[in-house]
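Dropping run.cif in here (mmCIF, C-alpha atoms and all ligand atoms):
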data_my_file
#
loop_
_atom_site.label_atom_id
_atom_site.label_comp_id
_atom_site.auth_asym_id
_atom_site.auth_seq_id
_atom_site.Cartn_x
_atom_site.Cartn_y
_atom_site.Cartn_z
CA MET A 1 22.69 -20.17 3.58
CA HIS A 2 26.17 -18.78 4.06
CA ALA A 3 25.13 -15.44 2.53
CA LEU A 4 22.17 -15.15 4.86
CA ALA A 5 24.20 -15.99 7.98
CA LYS A 6 26.77 -13.35 7.01
CA LEU A 7 24.05 -10.78 6.42
CA ALA A 8 22.48 -11.47 9.81
CA ARG A 9 25.81 -10.88 11.57
CA GLN A 10 26.44 -7.47 9.97
CA LYS A 11 25.97 -4.37 12.13
CA SER A 12 24.31 -2.48 9.33
CA ARG A 13 22.73 -3.44 6.03
CA ARG A 14 21.98 -1.52 2.84
CA ILE A 15 18.57 -2.68 1.70
CA VAL A 16 16.45 -1.72 -1.31
CA GLY A 17 12.73 -1.97 -0.54
CA LEU A 18 10.46 -2.38 -3.58
CA MET A 19 6.72 -1.82 -3.70
CA SER A 20 3.95 -1.56 -6.23
CA GLY A 21 0.49 -1.10 -4.77
CA THR A 22 -3.03 -1.66 -6.04
CA SER A 23 -2.92 1.53 -8.13
CA ALA A 24 -0.55 -0.40 -10.40
CA ASP A 25 1.07 2.91 -11.35
CA GLY A 26 4.61 1.58 -11.07
CA VAL A 27 7.35 0.42 -8.75
CA ASP A 28 8.68 2.58 -5.91
CA ALA A 29 12.20 1.82 -4.68
CA CYS A 30 13.75 3.03 -1.47
CA LEU A 31 17.39 2.38 -0.62
CA VAL A 32 17.90 2.54 3.12
CA GLU A 33 20.76 1.92 5.50
CA VAL A 34 19.48 -0.10 8.44
CA THR A 35 21.25 -0.81 11.73
CA GLY A 36 20.10 -3.38 14.26
CA SER A 37 16.59 -4.76 14.36
CA GLY A 38 13.33 -4.64 16.32
CA LEU A 39 12.49 -1.50 18.27
CA GLU A 40 16.20 -0.62 18.38
CA LEU A 41 16.33 -0.46 14.58
CA GLY A 42 18.00 2.63 13.10
CA TRP A 43 17.35 3.77 9.53
CA LYS A 44 18.54 6.34 7.01
CA VAL A 45 17.02 6.78 3.54
CA LEU A 46 19.80 6.98 0.93
CA SER A 47 17.67 7.29 -2.20
CA VAL A 48 14.13 7.06 -3.55
CA GLN A 49 13.25 6.28 -7.16
CA SER A 50 10.23 5.09 -9.12
CA VAL A 51 9.74 3.32 -12.42
CA ALA A 52 6.29 3.89 -13.92
CA TYR A 53 4.67 0.87 -15.56
CA PRO A 54 4.45 1.43 -19.33
CA ALA A 55 0.78 1.70 -20.42
CA GLU A 56 0.55 -1.85 -21.81
CA VAL A 57 2.14 -3.38 -18.73
CA ARG A 58 -0.30 -1.48 -16.50
CA GLN A 59 -3.17 -2.68 -18.65
CA ALA A 60 -1.91 -6.25 -18.37
CA VAL A 61 -1.63 -5.95 -14.57
CA LEU A 62 -5.19 -4.65 -14.36
CA GLU A 63 -6.46 -7.44 -16.60
CA VAL A 64 -4.85 -10.29 -14.68
CA SER A 65 -6.07 -8.73 -11.43
CA GLU A 66 -9.72 -9.15 -12.33
CA GLY A 67 -11.38 -12.54 -11.88
CA GLU A 68 -13.06 -12.40 -15.29
CA THR A 69 -10.01 -11.55 -17.38
CA GLY A 70 -7.05 -13.05 -15.47
CA ARG A 71 -5.46 -15.80 -17.59
CA THR A 72 -2.72 -18.12 -16.44
CA ASP A 73 -0.55 -17.62 -19.55
CA ALA A 74 -0.72 -13.84 -19.06
CA ILE A 75 0.10 -14.20 -15.35
CA CYS A 76 3.02 -16.51 -16.18
CA THR A 77 4.56 -13.98 -18.57
CA LEU A 78 3.81 -10.95 -16.43
CA ASN A 79 5.42 -12.51 -13.35
CA PHE A 80 8.78 -12.47 -15.16
CA ILE A 81 8.26 -9.12 -16.94
CA LEU A 82 7.46 -7.46 -13.61
CA GLY A 83 10.58 -9.08 -12.16
CA GLU A 84 12.55 -7.12 -14.79
CA ILE A 85 10.79 -3.85 -13.93
CA PHE A 86 11.25 -4.36 -10.19
CA ALA A 87 14.97 -5.03 -10.83
CA GLU A 88 15.18 -1.86 -12.94
CA ALA A 89 13.69 0.17 -10.08
CA ALA A 90 16.19 -1.33 -7.61
CA LEU A 91 19.14 -0.57 -9.89
CA LYS A 92 17.88 2.98 -10.43
CA ALA A 93 17.75 3.59 -6.65
CA ILE A 94 21.23 2.12 -6.22
CA ARG A 95 22.68 4.28 -9.02
CA SER A 96 21.04 7.44 -7.75
CA ALA A 97 22.73 6.89 -4.35
CA LYS A 98 26.02 6.68 -6.31
CA LEU A 99 26.53 3.09 -5.17
CA ARG A 100 27.19 -0.13 -7.05
CA PRO A 101 25.03 -3.27 -6.69
CA GLN A 102 27.96 -5.03 -4.96
CA GLN A 103 27.63 -2.49 -2.15
CA ILE A 104 24.03 -3.52 -1.49
CA ASP A 105 23.17 -6.33 0.93
CA LEU A 106 19.56 -7.19 0.17
CA VAL A 107 16.53 -6.40 -1.96
CA ALA A 108 13.17 -6.74 -0.19
CA SER A 109 10.32 -6.83 -2.67
CA HIS A 110 6.61 -6.74 -1.94
CA GLY A 111 5.78 -7.52 -5.56
CA GLN A 112 2.53 -6.68 -7.28
CA THR A 113 -0.66 -8.03 -5.76
CA ILE A 114 -2.89 -9.41 -8.48
CA HIS A 115 -5.41 -11.06 -6.20
CA HIS A 116 -6.24 -11.00 -2.53
CA LEU A 117 -8.98 -13.19 -1.09
CA PRO A 118 -9.21 -12.60 2.66
CA GLU A 119 -12.41 -14.65 2.90
CA SER A 120 -11.83 -18.38 2.98
CA ARG A 121 -12.87 -20.38 -0.09
CA SER A 122 -13.13 -24.13 -0.27
CA ILE A 123 -12.64 -26.83 -2.88
CA ASP A 124 -13.52 -30.43 -2.07
CA GLY A 125 -13.44 -29.77 1.63
CA TYR A 126 -10.08 -28.00 1.61
CA ALA A 127 -10.58 -24.40 2.70
CA SER A 128 -8.18 -21.46 2.68
CA ARG A 129 -7.79 -17.75 2.40
CA SER A 130 -5.31 -16.73 -0.25
CA THR A 131 -3.28 -13.90 -1.68
CA PHE A 132 -1.14 -13.65 -4.80
CA GLN A 133 1.81 -11.32 -5.47
CA ILE A 134 3.91 -11.49 -8.64
CA GLY A 135 7.21 -9.93 -9.84
CA GLU A 136 9.59 -12.90 -9.89
CA THR A 137 12.22 -12.52 -7.15
CA ALA A 138 14.61 -14.89 -8.96
CA VAL A 139 14.73 -12.37 -11.83
CA ILE A 140 15.48 -9.54 -9.39
CA ALA A 141 18.28 -11.62 -7.82
CA GLU A 142 19.78 -12.34 -11.26
CA ARG A 143 19.66 -8.74 -12.47
CA VAL A 144 20.79 -7.00 -9.29
CA GLY A 145 23.15 -9.74 -8.14
CA VAL A 146 22.23 -9.65 -4.44
CA PRO A 147 19.98 -11.81 -2.21
CA VAL A 148 16.28 -11.04 -2.47
CA VAL A 149 13.46 -11.58 0.00
CA GLY A 150 9.89 -11.37 -1.25
CA ASP A 151 6.41 -12.82 -0.94
CA PHE A 152 5.88 -11.41 2.55
CA ARG A 153 2.15 -11.93 2.86
CA VAL A 154 1.76 -15.67 2.35
CA ARG A 155 3.26 -16.87 5.62
CA ASP A 156 0.81 -14.74 7.58
CA VAL A 157 -2.07 -16.19 5.54
CA ALA A 158 -0.76 -19.72 6.14
CA ALA A 159 -0.78 -18.90 9.86
CA GLY A 160 -4.47 -18.04 9.66
CA GLY A 161 -4.16 -14.28 9.05
CA VAL A 162 -5.49 -12.16 6.21
CA GLY A 163 -1.92 -11.26 5.16
CA ALA A 164 -2.56 -7.53 5.44
CA PRO A 165 -1.81 -4.92 6.48
CA LEU A 166 1.86 -5.70 7.05
CA VAL A 167 3.22 -2.14 7.30
CA PRO A 168 2.04 -1.54 10.90
CA TYR A 169 5.15 -3.30 12.23
CA ALA A 170 7.32 -0.82 10.32
CA ASP A 171 5.03 2.11 11.18
CA ARG A 172 5.69 1.43 14.82
CA ILE A 173 9.46 1.46 14.35
CA LEU A 174 9.34 4.56 12.16
CA PHE A 175 6.75 6.76 13.87
CA GLN A 176 5.66 5.66 17.35
CA GLN A 177 5.99 8.45 19.95
CA PRO A 178 6.58 7.94 23.68
CA THR A 179 3.63 9.97 24.97
CA ARG A 180 1.47 10.89 21.96
CA ALA A 181 -0.87 8.84 19.78
CA VAL A 182 -0.35 9.34 16.03
CA ALA A 183 -2.13 7.99 12.98
CA LEU A 184 -0.51 6.99 9.70
CA GLN A 185 -2.90 7.20 6.78
CA ASN A 186 -1.78 5.70 3.51
CA ILE A 187 -3.81 6.72 0.48
CA GLY A 188 -2.62 4.43 -2.30
CA GLY A 189 -5.04 2.55 -4.54
CA ILE A 190 -6.66 1.40 -1.30
CA ALA A 191 -6.50 3.48 1.90
CA ASN A 192 -5.29 2.10 5.19
CA VAL A 193 -4.73 3.45 8.68
CA THR A 194 -2.30 2.54 11.44
CA LEU A 195 -3.04 4.10 14.81
CA LEU A 196 0.03 4.07 17.02
CA PRO A 197 -0.86 4.51 20.70
CA PRO A 198 1.78 6.25 22.84
CA ALA A 199 4.61 3.76 23.42
CA GLN A 200 4.37 4.36 27.16
CA SER A 201 0.78 3.15 27.21
CA GLY A 202 1.88 -0.34 26.20
CA LYS A 203 -1.44 -0.70 24.34
CA PRO A 204 -1.69 -2.56 21.01
CA LEU A 205 -1.84 -0.65 17.74
CA LEU A 206 -4.91 -0.57 15.50
CA ALA A 207 -4.64 -1.04 11.74
CA PHE A 208 -7.01 -1.83 8.93
CA ASP A 209 -8.03 -0.79 5.41
CA THR A 210 -10.56 2.04 5.46
CA GLY A 211 -11.72 1.47 1.87
CA PRO A 212 -10.83 3.11 -1.44
CA GLY A 213 -7.78 5.33 -1.81
CA ASN A 214 -7.20 6.65 -5.34
CA MET A 215 -8.60 3.59 -7.09
CA ILE A 216 -12.06 4.94 -7.86
CA ILE A 217 -10.78 8.43 -8.67
CA ASP A 218 -8.27 6.95 -11.14
CA ALA A 219 -10.99 4.86 -12.85
CA VAL A 220 -13.34 7.84 -13.16
CA VAL A 221 -10.57 10.12 -14.50
CA HIS A 222 -9.58 7.47 -17.06
CA ASP A 223 -13.20 7.24 -18.17
CA VAL A 224 -13.94 10.98 -18.19
CA THR A 225 -10.78 11.84 -20.17
CA LEU A 226 -11.33 8.89 -22.55
CA GLY A 227 -8.09 7.30 -21.39
CA LYS A 228 -5.93 10.41 -21.81
CA GLN A 229 -5.28 10.72 -18.08
CA THR A 230 -4.90 8.02 -15.45
CA PHE A 231 -5.21 10.18 -12.33
CA ASP A 232 -6.39 13.59 -11.15
CA GLN A 233 -3.11 15.50 -11.08
CA GLY A 234 -3.10 17.87 -8.10
CA GLY A 235 -6.83 17.24 -7.60
CA GLU A 236 -7.54 19.86 -10.27
CA MET A 237 -10.43 18.11 -11.97
CA ALA A 238 -12.13 17.56 -8.62
CA ARG A 239 -11.61 21.20 -7.69
CA ALA A 240 -13.25 22.32 -10.94
CA GLY A 241 -16.28 20.13 -10.22
CA ALA A 242 -19.16 20.18 -7.75
CA ILE A 243 -19.73 17.38 -5.23
CA ASP A 244 -23.04 15.56 -5.59
CA HIS A 245 -23.85 14.91 -1.94
CA ALA A 246 -26.78 12.61 -2.63
CA LEU A 247 -24.50 10.28 -4.60
CA VAL A 248 -21.88 10.40 -1.83
CA GLU A 249 -24.57 9.27 0.61
CA ARG A 250 -25.51 6.35 -1.64
CA LEU A 251 -21.87 5.33 -1.98
CA MET A 252 -21.46 5.44 1.79
CA ASP A 253 -23.74 2.38 1.97
CA ASP A 254 -20.81 0.35 0.65
CA PRO A 255 -20.49 -2.89 2.66
CA PHE A 256 -16.70 -2.74 2.95
CA VAL A 257 -16.70 0.84 4.23
CA ASN A 258 -19.27 -0.19 6.85
CA ARG A 259 -17.57 -3.43 7.87
CA VAL A 260 -16.02 -3.70 11.33
CA PRO A 261 -12.22 -4.33 11.39
CA PRO A 262 -10.18 -6.45 10.90
CA LYS A 263 -10.71 -5.84 7.19
CA THR A 264 -8.59 -5.65 4.08
CA ALA A 265 -9.61 -4.52 0.61
CA GLY A 266 -8.36 -4.75 -2.95
CA ARG A 267 -9.36 -4.37 -6.56
CA GLU A 268 -11.97 -7.07 -5.77
CA ASN A 269 -13.84 -4.44 -3.71
CA PHE A 270 -13.26 -1.18 -5.60
CA GLY A 271 -12.24 -2.31 -9.09
CA ARG A 272 -14.26 -2.94 -12.21
CA GLU A 273 -17.42 -4.16 -10.50
CA PHE A 274 -17.61 -1.15 -8.21
CA PHE A 275 -17.06 1.10 -11.24
CA ARG A 276 -20.00 -0.53 -13.03
CA THR A 277 -22.30 0.17 -10.08
CA LEU A 278 -20.97 3.72 -9.86
CA THR A 279 -21.67 4.28 -13.55
CA THR A 280 -25.27 3.17 -13.12
CA LEU A 281 -25.77 5.36 -10.04
CA SER A 282 -24.15 8.40 -11.65
CA LEU A 283 -26.11 8.04 -14.90
CA PHE A 284 -29.27 7.87 -12.85
CA GLY A 285 -28.27 11.05 -10.95
CA ARG A 286 -26.76 12.67 -14.07
CA VAL A 287 -23.45 13.23 -12.35
CA LYS A 288 -20.59 13.39 -14.83
CA GLY A 289 -17.21 14.85 -15.76
CA ASN A 290 -15.41 16.88 -13.10
CA ASP A 291 -18.48 16.66 -10.85
CA LEU A 292 -18.08 12.90 -10.72
CA VAL A 293 -14.36 13.23 -9.94
CA ALA A 294 -15.18 15.66 -7.11
CA THR A 295 -17.91 13.33 -5.84
CA VAL A 296 -15.76 10.19 -5.68
CA THR A 297 -12.92 12.17 -4.09
CA GLN A 298 -15.33 13.33 -1.39
CA PHE A 299 -16.61 9.75 -0.98
CA THR A 300 -13.01 8.56 -0.51
CA ALA A 301 -12.29 11.21 2.15
CA ARG A 302 -15.64 10.52 3.86
CA SER A 303 -15.02 6.76 3.94
CA ILE A 304 -11.66 7.35 5.63
CA ALA A 305 -13.11 9.82 8.14
CA GLU A 306 -16.14 7.63 8.91
CA ASN A 307 -13.84 4.72 9.72
CA TYR A 308 -11.90 6.95 12.12
CA ARG A 309 -15.14 8.07 13.79
CA ARG A 310 -16.31 4.49 14.30
CA HIS A 311 -13.17 2.48 14.84
CA VAL A 312 -10.33 4.79 15.89
CA LEU A 313 -11.56 7.92 17.70
CA PRO A 314 -13.59 6.02 20.32
CA TYR A 315 -10.25 4.57 21.53
CA TRP A 316 -7.58 7.12 20.64
CA ARG A 317 -7.49 10.72 19.48
CA PRO A 318 -4.30 11.04 17.41
CA GLU A 319 -2.36 14.27 17.81
CA GLU A 320 -1.90 14.23 14.09
CA ILE A 321 -2.67 12.20 10.99
CA ILE A 322 0.40 11.68 8.82
CA VAL A 323 -0.66 11.03 5.23
CA CYS A 324 1.45 9.07 2.74
CA GLY A 325 0.88 7.55 -0.70
CA GLY A 326 -0.25 9.34 -3.84
CA GLY A 327 -3.35 10.75 -2.15
CA SER A 328 -1.10 13.06 -0.12
CA GLN A 329 -0.31 14.80 -3.44
CA ASN A 330 -3.96 15.63 -4.03
CA PRO A 331 -4.66 18.93 -2.22
CA PHE A 332 -8.41 18.58 -2.81
CA MET A 333 -8.39 15.20 -1.03
CA MET A 334 -6.31 16.62 1.83
CA GLU A 335 -8.72 19.53 2.18
CA ARG A 336 -11.75 17.20 2.27
CA LEU A 337 -10.06 15.07 4.94
CA ARG A 338 -9.32 18.13 7.09
CA GLU A 339 -12.92 19.25 6.74
CA GLU A 340 -14.18 15.77 7.73
CA LEU A 341 -11.88 15.42 10.74
CA PRO A 342 -11.89 18.86 12.35
CA GLY A 343 -9.39 19.57 15.10
CA ILE A 344 -6.88 16.91 14.08
CA PRO A 345 -3.92 18.18 12.04
CA VAL A 346 -3.60 16.28 8.74
CA VAL A 347 0.03 16.50 7.54
CA PRO A 348 1.75 15.11 4.44
CA ILE A 349 4.46 12.60 5.39
CA ASP A 350 7.15 14.67 3.63
CA GLU A 351 6.83 17.13 6.52
CA ARG A 352 7.80 14.30 8.86
CA GLY A 353 11.00 13.38 7.06
CA VAL A 354 9.90 10.59 4.70
CA PRO A 355 9.28 11.19 0.97
CA TRP A 356 5.68 10.23 0.17
CA GLN A 357 6.61 7.71 -2.56
CA ALA A 358 9.09 6.01 -0.23
CA LYS A 359 7.05 5.06 2.80
CA GLU A 360 5.69 1.68 1.67
CA ALA A 361 8.97 0.66 -0.01
CA LEU A 362 10.85 1.73 3.13
CA SER A 363 8.46 -0.37 5.22
CA PHE A 364 9.21 -3.48 3.18
CA ALA A 365 12.96 -2.82 3.46
CA ILE A 366 12.44 -2.86 7.23
CA LEU A 367 10.40 -6.08 7.05
CA GLY A 368 13.19 -7.62 4.94
CA ASN A 369 15.72 -6.61 7.57
CA GLU A 370 13.67 -8.29 10.28
CA SER A 371 13.41 -11.49 8.26
CA VAL A 372 17.21 -11.56 7.89
CA CYS A 373 17.55 -11.07 11.64
CA GLY A 374 15.03 -13.78 12.43
CA VAL A 375 12.47 -11.39 13.92
CA PRO A 376 8.77 -12.11 13.23
CA SER A 377 7.13 -9.00 11.78
CA ASN A 378 3.45 -9.69 11.27
CA VAL A 379 1.17 -8.17 13.90
CA PRO A 380 -1.26 -11.01 14.74
CA ALA A 381 -3.70 -8.65 16.49
CA VAL A 382 -4.01 -6.83 13.16
CA THR A 383 -3.96 -9.65 10.59
CA GLY A 384 -5.71 -12.26 12.70
CA ALA A 385 -2.83 -14.76 12.39
CA SER A 386 -2.68 -17.31 15.18
CA HIS A 387 0.91 -16.41 16.07
CA PRO A 388 3.87 -14.18 15.08
CA VAL A 389 5.70 -15.49 12.01
CA LEU A 390 8.89 -14.76 10.12
CA LEU A 391 7.80 -13.21 6.83
CA GLY A 392 9.20 -13.69 3.33
CA LYS A 393 10.90 -16.17 1.03
CA PHE A 394 14.58 -15.83 0.18
CA VAL A 395 16.38 -16.15 -3.14
CA LEU A 396 20.07 -16.34 -2.26
N1 LIG A 401 0.38 14.62 -8.08
C1 LIG A 401 -0.68 13.85 -7.81
N2 LIG A 401 -1.92 14.38 -7.73
C2 LIG A 401 -3.00 13.62 -7.48
N3 LIG A 401 -2.95 12.29 -7.32
C3 LIG A 401 -1.75 11.69 -7.37
C4 LIG A 401 -0.54 12.42 -7.62
N4 LIG A 401 0.49 11.56 -7.65
C5 LIG A 401 -0.03 10.34 -7.41
N5 LIG A 401 -1.37 10.42 -7.24
C6 LIG A 401 -2.32 9.32 -7.03
O1 LIG A 401 -1.69 8.31 -6.28
C7 LIG A 401 -1.77 7.05 -6.95
C8 LIG A 401 -0.55 6.24 -6.66
O2 LIG A 401 -0.37 6.20 -5.29
P1 LIG A 401 0.53 5.09 -4.62
O3 LIG A 401 0.80 5.55 -3.24
O4 LIG A 401 1.67 4.76 -5.49
O5 LIG A 401 -0.51 3.89 -4.57
P2 LIG A 401 -0.25 2.34 -4.65
O6 LIG A 401 0.45 1.99 -3.41
O7 LIG A 401 -1.61 1.76 -4.75
O8 LIG A 401 0.57 2.11 -5.89
C9 LIG A 401 -1.95 7.39 -8.41
O9 LIG A 401 -2.63 6.36 -9.08
C10 LIG A 401 -2.76 8.68 -8.32
O10 LIG A 401 -4.12 8.39 -8.20
MG MG A 402 2.20 3.04 -6.53
#
Spit out the file's structure as structure tokens when you get a sec.
Amino acid sequence: MHALAKLARQKSRRIVGLMSGTSADGVDACLVEVTGSGLELGWKVLSVQSVAYPAEVRQAVLEVSEGETGRTDAICTLNFILGEIFAEAALKAIRSAKLRPQQIDLVASHGQTIHHLPESRSIDGYASRSTFQIGETAVIAERVGVPVVGDFRVRDVAAGGVGAPLVPYADRILFQQPTRAVALQNIGGIANVTLLPPAQSGKPLLAFDTGPGNMIIDAVVHDVTLGKQTFDQGGEMARAGAIDHALVERLMDDPFVNRVPPKTAGRENFGREFFRTLTTLSLFGRVKGNDLVATVTQFTARSIAENYRRHVLPYWRPEEIIVCGGGSQNPFMMERLREELPGIPVVPIDERGVPWQAKEALSFAILGNESVCGVPSNVPAVTGASHPVLLGKFVL
């Protein structure tokens, strides 16, 4: 406890945030210098690095993430293997800032979600929602040699929330404007929005998952290229294809896309099972190759835009939509979004001072800082938790 008390008293802290999202493409690390906490928090990014999951590790993550193929022995092993990879990403970020691990105060790791069940399930009369992140924090603490905080989502779930999204707290600190509303749109494996009302309005923020991000595109590209590619680099396959609008319309019937917030999605919604349905629908409509990539990219952009039209724009018109995550690197996706949401500038987050790979990792560094300072950082209005809670578990 001594280490934690000392950390809390420091004026500033160097924190490495670690994140791997539902794309399971690899770990993003962001080393940030943080001063203070809460709305007074100051931050400066010192370095950003990523470690891609090797192909077999990615395959293993995808397998344990699916209900049909997840095995406890595989999960047990992978928890520790991912701990090593998360540690490697942290050390890489520290080295690239020309610092030594001893000069770092804390690692804040989101881990890798392998299952997320926001709907309550019951066994013998005991009912609970649940969520499961792996990437053993004890391994990270051993390899990096500094305190680690991880497992942020579970306390919110225990308090009755759905454990997601958690980044809105950080979004507010990073991007809220005094007099303008802005939207943050993350396009990772899943896509999620945070609408920040003008600070002066005193109104609560809105945040929820809009539906798929790159998850369906990645699966289609993997299939179309017979496993040679895992994503549509620069949106080039989509650009070479033609959108099948009839199929987009069918896909827009998706129950998650049409659900009213609060809502949170995962591989359970847009993973293997969704891909099976898509395959049937596309065979029936004879949509294939680049045309299918273009079609699912359009569906992704449409599902985001439709959620804005129904659940954001009736309340707030953001002055701009700041896009982060891998989807911001897909010009075809960005173009489709602009077309779907006319009149609202859609800007990549890099143009607003944060590298696109860093945003989620940076957010978890901020959440880690708040946990050290004893500041609750879930947003109950967003997750549905019954009260604000201190997030994370510490390995000291
Ligand atoms: N240059 C690029 N062009 C197109 N898509 C990209 C590019 N770089 C990354 N992506 C997409 O972004 C995904 C990773 O995004 P990321 O924000 O890391 O998501 P997650 O948080 O789910 O890991 C990749 O799987 C890929 O689909
Ligand atoms: Mg990623």
Item to check | Distance in Å - atom CA of A:Met252 versus atom CA of A:Phe275 | outcome: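 Here the two named atoms are 14.4 Å from each other.
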Next on the checklist: Can you tell me which residues surround A:Gln10 at a distance of at most 12 Å, considering all atoms listed in the file, apart from same-chain residues fewer than 6 positions away, and format the answer as a PyMOL selection string?
Outcome noted: chain A and resi 3-4+33-37+105-106+369+372-373
Next on the checklist: One number please: atom CA of A:Ala365 to atom CA of A:Pro318, in Å, one decimal.
Outcome noted: 26.2 Å
Checklist entry - Counting only C-alpha atoms, which of A:Pro197, A:Gly213, A:Gly327, A:Gly289 gets nearest to A:Met237? => result A:Gly289
Item to check | Expected selection as a PyMOL selection string for ligand LIG 401 (chain A) within 8 Å, all atoms listed in the file | outcome: chain A and resi 19-28+186-190+213-215+217-218+230-235+324-331+356-357+360
Assuming the input is short of atoms at stretch 321-341 of chain A, produce N, CA and C atoms for that part as a PDB file, keeping the file's coordinate frame.
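Result went into result-v4.pdb, see below:
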ATOM      1  N   ILE A 321      -2.535  13.267  11.978  1.00  0.00           N
ATOM      2  CA  ILE A 321      -2.670  12.200  10.990  1.00  0.00           C
ATOM      3  C   ILE A 321      -1.618  12.461   9.925  1.00  0.00           C
ATOM      4  N   ILE A 322      -0.677  11.528   9.807  1.00  0.00           N
ATOM      5  CA  ILE A 322       0.400  11.680   8.820  1.00  0.00           C
ATOM      6  C   ILE A 322      -0.023  10.934   7.562  1.00  0.00           C
ATOM      7  N   VAL A 323      -0.133  11.649   6.453  1.00  0.00           N
ATOM      8  CA  VAL A 323      -0.660  11.030   5.230  1.00  0.00           C
ATOM      9  C   VAL A 323       0.468  10.697   4.259  1.00  0.00           C
ATOM     10  N   CYS A 324       0.474   9.463   3.764  1.00  0.00           N
ATOM     11  CA  CYS A 324       1.450   9.070   2.740  1.00  0.00           C
ATOM     12  C   CYS A 324       0.720   8.484   1.540  1.00  0.00           C
ATOM     13  N   GLY A 325       1.489   8.066   0.536  1.00  0.00           N
ATOM     14  CA  GLY A 325       0.880   7.550  -0.700  1.00  0.00           C
ATOM     15  C   GLY A 325       0.462   8.699  -1.607  1.00  0.00           C
ATOM     16  N   GLY A 326       0.080   8.339  -2.820  1.00  0.00           N
ATOM     17  CA  GLY A 326      -0.250   9.340  -3.840  1.00  0.00           C
ATOM     18  C   GLY A 326      -1.348  10.310  -3.434  1.00  0.00           C
ATOM     19  N   GLY A 327      -2.261   9.872  -2.583  1.00  0.00           N
ATOM     20  CA  GLY A 327      -3.350  10.750  -2.150  1.00  0.00           C
ATOM     21  C   GLY A 327      -2.862  11.983  -1.420  1.00  0.00           C
ATOM     22  N   SER A 328      -1.652  11.891  -0.830  1.00  0.00           N
ATOM     23  CA  SER A 328      -1.100  13.060  -0.120  1.00  0.00           C
ATOM     24  C   SER A 328      -0.727  14.158  -1.103  1.00  0.00           C
ATOM     25  N   GLN A 329      -0.660  13.819  -2.395  1.00  0.00           N
ATOM     26  CA  GLN A 329      -0.310  14.800  -3.440  1.00  0.00           C
ATOM     27  C   GLN A 329      -1.549  15.428  -4.066  1.00  0.00           C
ATOM     28  N   ASN A 330      -2.703  15.096  -3.510  1.00  0.00           N
ATOM     29  CA  ASN A 330      -3.960  15.630  -4.030  1.00  0.00           C
ATOM     30  C   ASN A 330      -4.524  16.625  -3.011  1.00  0.00           C
ATOM     31  N   PRO A 331      -4.264  17.932  -3.217  1.00  0.00           N
ATOM     32  CA  PRO A 331      -4.660  18.930  -2.220  1.00  0.00           C
ATOM     33  C   PRO A 331      -6.172  18.945  -1.969  1.00  0.00           C
ATOM     34  N   PHE A 332      -6.959  18.601  -2.992  1.00  0.00           N
ATOM     35  CA  PHE A 332      -8.410  18.580  -2.810  1.00  0.00           C
ATOM     36  C   PHE A 332      -8.785  17.479  -1.813  1.00  0.00           C
ATOM     37  N   MET A 333      -8.163  16.325  -1.967  1.00  0.00           N
ATOM     38  CA  MET A 333      -8.390  15.200  -1.030  1.00  0.00           C
ATOM     39  C   MET A 333      -7.978  15.593   0.391  1.00  0.00           C
ATOM     40  N   MET A 334      -6.811  16.226   0.508  1.00  0.00           N
ATOM     41  CA  MET A 334      -6.310  16.620   1.830  1.00  0.00           C
ATOM     42  C   MET A 334      -7.272  17.618   2.483  1.00  0.00           C
ATOM     43  N   GLU A 335      -7.775  18.532   1.680  1.00  0.00           N
ATOM     44  CA  GLU A 335      -8.720  19.530   2.180  1.00  0.00           C
ATOM     45  C   GLU A 335     -10.015  18.860   2.674  1.00  0.00           C
ATOM     46  N   ARG A 336     -10.506  17.897   1.889  1.00  0.00           N
ATOM     47  CA  ARG A 336     -11.750  17.200   2.270  1.00  0.00           C
ATOM     48  C   ARG A 336     -11.535  16.432   3.577  1.00  0.00           C
ATOM     49  N   LEU A 337     -10.359  15.825   3.711  1.00  0.00           N
ATOM     50  CA  LEU A 337     -10.060  15.070   4.940  1.00  0.00           C
ATOM     51  C   LEU A 337     -10.039  15.995   6.153  1.00  0.00           C
ATOM     52  N   ARG A 338      -9.399  17.166   5.974  1.00  0.00           N
ATOM     53  CA  ARG A 338      -9.320  18.130   7.090  1.00  0.00           C
ATOM     54  C   ARG A 338     -10.716  18.586   7.491  1.00  0.00           C
ATOM     55  N   GLU A 339     -11.547  18.804   6.494  1.00  0.00           N
ATOM     56  CA  GLU A 339     -12.920  19.250   6.740  1.00  0.00           C
ATOM     57  C   GLU A 339     -13.706  18.155   7.496  1.00  0.00           C
ATOM     58  N   GLU A 340     -13.445  16.895   7.128  1.00  0.00           N
ATOM     59  CA  GLU A 340     -14.180  15.770   7.730  1.00  0.00           C
ATOM     60  C   GLU A 340     -13.691  15.419   9.134  1.00  0.00           C
ATOM     61  N   LEU A 341     -12.430  15.767   9.418  1.00  0.00           N
ATOM     62  CA  LEU A 341     -11.880  15.420  10.740  1.00  0.00           C
ATOM     63  C   LEU A 341     -11.378  16.687  11.436  1.00  0.00           C
TER      64      LEU A 341
END
